[in-house]
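Peer 1: For reference, the file work_13.pdb (PDB, C-alpha atoms, pLDDT in the B column) is included below:
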ATOM      1  CA  SER A   1      17.677  16.294  -5.255  1.00 37.00           C
ATOM      2  CA  MET A   2      14.079  17.109  -6.076  1.00 47.00           C
ATOM      3  CA  ALA A   3      12.526  20.238  -4.632  1.00 53.00           C
ATOM      4  CA  SER A   4       9.548  19.843  -2.333  1.00 56.00           C
ATOM      5  CA  TYR A   5       6.338  21.681  -3.199  1.00 53.00           C
ATOM      6  CA  ASN A   6       4.160  21.901  -0.106  1.00 61.00           C
ATOM      7  CA  SER A   7       1.341  23.958  -1.560  1.00 64.00           C
ATOM      8  CA  GLY A   8      -0.024  25.038  -4.887  1.00 75.00           C
ATOM      9  CA  GLU A   9      -0.429  23.247  -8.176  1.00 84.00           C
ATOM     10  CA  VAL A  10       2.355  21.474 -10.011  1.00 84.00           C
ATOM     11  CA  ASP A  11       2.787  20.004 -13.477  1.00 86.00           C
ATOM     12  CA  ALA A  12       4.308  16.526 -13.573  1.00 87.00           C
ATOM     13  CA  PHE A  13       6.022  15.162 -16.670  1.00 91.00           C
ATOM     14  CA  PHE A  14       7.508  11.767 -17.532  1.00 91.00           C
ATOM     15  CA  ARG A  15       8.946  10.107 -20.611  1.00 92.00           C
ATOM     16  CA  PRO A  16       6.490   7.677 -22.304  1.00 91.00           C
ATOM     17  CA  GLU A  17       8.894   4.743 -21.927  1.00 92.00           C
ATOM     18  CA  ARG A  18       9.195   5.266 -18.149  1.00 92.00           C
ATOM     19  CA  ALA A  19       5.590   4.215 -17.403  1.00 92.00           C
ATOM     20  CA  THR A  20       4.011   0.771 -17.581  1.00 92.00           C
ATOM     21  CA  LEU A  21       0.417  -0.379 -18.022  1.00 93.00           C
ATOM     22  CA  ASP A  22      -1.500  -2.796 -15.823  1.00 90.00           C
ATOM     23  CA  PHE A  23      -4.705  -4.354 -17.145  1.00 87.00           C
ATOM     24  CA  GLY A  24      -5.953  -5.691 -13.795  1.00 82.00           C
ATOM     25  CA  ASP A  25      -8.719  -4.221 -11.636  1.00 80.00           C
ATOM     26  CA  GLU A  26      -6.883  -4.157  -8.320  1.00 79.00           C
ATOM     27  CA  GLU A  27      -7.228  -1.034  -6.186  1.00 81.00           C
ATOM     28  CA  THR A  28      -4.215   1.259  -6.494  1.00 83.00           C
ATOM     29  CA  ARG A  29      -3.158   4.840  -5.939  1.00 86.00           C
ATOM     30  CA  MET A  30      -1.853   5.062  -9.508  1.00 88.00           C
ATOM     31  CA  PRO A  31      -3.956   6.825 -12.144  1.00 90.00           C
ATOM     32  CA  ARG A  32      -6.528   4.794 -14.054  1.00 93.00           C
ATOM     33  CA  GLY A  33      -7.805   5.570 -17.485  1.00 95.00           C
ATOM     34  CA  GLU A  34      -9.173   4.302 -20.761  1.00 96.00           C
ATOM     35  CA  VAL A  35      -7.193   3.382 -23.860  1.00 96.00           C
ATOM     36  CA  ILE A  36      -7.900   5.712 -26.784  1.00 97.00           C
ATOM     37  CA  THR A  37      -5.398   4.324 -29.315  1.00 95.00           C
ATOM     38  CA  ALA A  38      -2.602   1.758 -29.494  1.00 93.00           C
ATOM     39  CA  ARG A  39      -0.162   2.191 -32.389  1.00 92.00           C
ATOM     40  CA  PHE A  40       2.576  -0.331 -33.165  1.00 90.00           C
ATOM     41  CA  MET A  41       5.760   1.604 -33.975  1.00 90.00           C
ATOM     42  CA  GLY A  42       8.252  -1.188 -34.766  1.00 88.00           C
ATOM     43  CA  ASP A  43      10.194  -1.444 -31.500  1.00 89.00           C
ATOM     44  CA  ARG A  44       7.301  -0.445 -29.237  1.00 90.00           C
ATOM     45  CA  THR A  45       3.564   0.157 -29.040  1.00 91.00           C
ATOM     46  CA  ARG A  46       2.543   3.721 -28.142  1.00 94.00           C
ATOM     47  CA  VAL A  47      -0.687   3.713 -26.127  1.00 95.00           C
ATOM     48  CA  SER A  48      -2.734   6.889 -25.572  1.00 96.00           C
ATOM     49  CA  VAL A  49      -4.668   6.760 -22.306  1.00 96.00           C
ATOM     50  CA  MET A  50      -7.396   9.237 -21.339  1.00 97.00           C
ATOM     51  CA  LEU A  51      -7.303   9.777 -17.571  1.00 94.00           C
ATOM     52  CA  ASP A  52     -10.195  12.256 -17.597  1.00 91.00           C
ATOM     53  CA  GLU A  53     -11.708  14.718 -20.055  1.00 91.00           C
ATOM     54  CA  ASP A  54      -8.766  17.115 -19.616  1.00 90.00           C
ATOM     55  CA  HIS A  55      -5.809  14.717 -19.373  1.00 90.00           C
ATOM     56  CA  THR A  56      -4.510  12.240 -21.943  1.00 94.00           C
ATOM     57  CA  ILE A  57      -1.072  10.654 -21.633  1.00 94.00           C
ATOM     58  CA  LYS A  58       1.120   8.450 -23.810  1.00 95.00           C
ATOM     59  CA  VAL A  59       2.847   5.273 -22.636  1.00 95.00           C
ATOM     60  CA  ASP A  60       5.384   3.323 -24.727  1.00 94.00           C
ATOM     61  CA  VAL A  61       5.264  -0.454 -24.228  1.00 90.00           C
ATOM     62  CA  PRO A  62       8.638  -1.787 -25.472  1.00 86.00           C
ATOM     63  CA  ASP A  63       9.489  -4.827 -27.565  1.00 74.00           C
ATOM     64  CA  GLN A  64       6.022  -6.005 -28.384  1.00 73.00           C
ATOM     65  CA  HIS A  65       3.010  -5.494 -30.597  1.00 71.00           C
ATOM     66  CA  LEU A  66       0.384  -4.805 -27.955  1.00 77.00           C
ATOM     67  CA  ASP A  67      -3.086  -5.388 -29.375  1.00 80.00           C
ATOM     68  CA  VAL A  68      -5.378  -3.529 -26.984  1.00 87.00           C
ATOM     69  CA  ALA A  69      -8.840  -2.273 -27.914  1.00 92.00           C
ATOM     70  CA  PRO A  70      -9.955   1.331 -27.426  1.00 95.00           C
ATOM     71  CA  GLY A  71     -12.050   1.598 -24.279  1.00 96.00           C
ATOM     72  CA  THR A  72      -9.930  -0.909 -22.323  1.00 94.00           C
ATOM     73  CA  LYS A  73      -9.456   0.209 -18.705  1.00 94.00           C
ATOM     74  CA  VAL A  74      -5.830   0.390 -17.559  1.00 94.00           C
ATOM     75  CA  THR A  75      -3.744   1.529 -14.620  1.00 94.00           C
ATOM     76  CA  VAL A  76      -0.719   3.696 -15.451  1.00 94.00           C
ATOM     77  CA  ASN A  77       2.235   2.844 -13.218  1.00 93.00           C
ATOM     78  CA  ILE A  78       4.747   5.658 -12.875  1.00 91.00           C
ATOM     79  CA  LYS A  79       7.698   5.455 -10.493  1.00 90.00           C
ATOM     80  CA  PRO A  80       7.886   8.717  -8.522  1.00 89.00           C
ATOM     81  CA  GLU A  81      11.618   9.066  -9.170  1.00 92.00           C
ATOM     82  CA  THR A  82      10.962   9.290 -12.929  1.00 92.00           C
ATOM     83  CA  LEU A  83       8.655  12.321 -12.592  1.00 91.00           C
ATOM     84  CA  MET A  84       9.810  15.813 -13.440  1.00 92.00           C
ATOM     85  CA  VAL A  85       7.754  18.222 -11.298  1.00 89.00           C
ATOM     86  CA  PHE A  86       7.433  21.969 -11.846  1.00 89.00           C
ATOM     87  CA  PRO A  87       5.278  24.560 -10.047  1.00 87.00           C
ATOM     88  CA  VAL A  88       2.409  25.961 -12.098  1.00 85.00           C
ATOM     89  CA  GLU A  89       3.062  29.633 -12.731  1.00 78.00           C
TER      90      GLU A  89
END
Mind turning this structure into structure tokens?

Peer 2:
Amino acid sequence: SMASYNSGEVDAFFRPERATLDFGDEETRMPRGEVITARFMGDRTRVSVMLDEDHTIKVDVPDQHLDVAPGTKVTVNIKPETLMVFPVE
């Protein structure tokens, strides 16, 4: 079971293949960001997304050559059960 952190800062980690990207504009509680790069890597496309000036994440989109331009706005969908959460020390 996952520990509960009621106060203080935490770091949250996830594997790049556990997240998905949504290119729509609907309102959501998931983080939104801007594509920095999209690199085809044979069996997947690795997309770097800048959430804000301090946070950039990577998302692997499997089984396709995703041609997405830098600057494209995206929503990063992450299932809570795939997050690894640790208190900031």

Peer 1: Hey, can you check how far atom CA of A:Pro80 sits from atom CA of A:Val59?

Peer 2: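 Those two atoms sit 15.4 Å apart.
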
Peer 1: Neighbours of A:Asp60 within 6 Å (all atoms listed in the file; same-chain residues fewer than 2 positions away dropped), as a PyMOL selection string?

Peer 2: chain A and resi 16-17+45-46

Peer 1: Could you jot down the atom CA of A:Ala38 to atom CA of A:Val10 separation for me, Å, one decimal place?

Peer 2: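 Atom CA of A:Val10 lies at a distance of 28.2 Å from atom CA of A:Ala38.
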
Peer 1: Quick one: pull the distance between atom CA of A:Ala19 and atom CA of A:Gly42, Å, one decimal.

Peer 2: 18.4 Å

Peer 1: So, with all atoms listed in the file as the atoms that count, which of A:Asp43, A:Ala12, A:Arg18, A:Pro31 lies closest to A:Thr75?

Peer 2: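 When distances to A:Thr75 are compared using all atoms listed in the file, the smallest one comes from A:Pro31.
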
Peer 1: Calculated over only C-alpha atoms, which of the candidates A:Val61, A:Glu89, A:Val74, A:Leu66 has the smallest distance to A:Arg15?

Peer 2: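 Under the stated criterion, the closest residue is A:Val61.
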
Peer 1: Starting from the shown file, work through the PyMOL selection byres ((chain A and resi 30) around 9) and note down what comes out as a ChimeraX atom specification.

Peer 2: /A:27-29,31-32,75-78

Peer 1: So that I can see what lies close to A:Phe14, please list as a list in words the residues with an atom at most 7 Å from it, counting all atoms listed in the file and leaving out residues fewer than 3 positions away in the same chain.

Peer 2: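 Using all atoms listed in the file, the neighbours found are Arg18, Thr82, Leu83 and Met84 of chain A.
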
Peer 1: Emit the selected residues as a PDB file, in the frame of the given file, including C-alpha atoms.

Peer 2:
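As written to disk, again_9.pdb reads:
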ATOM      1  CA  ARG A  18       9.195   5.266 -18.149  1.00 92.00           C
ATOM      2  CA  THR A  82      10.962   9.290 -12.929  1.00 92.00           C
ATOM      3  CA  LEU A  83       8.655  12.321 -12.592  1.00 91.00           C
ATOM      4  CA  MET A  84       9.810  15.813 -13.440  1.00 92.00           C
TER       5      MET A  84
END
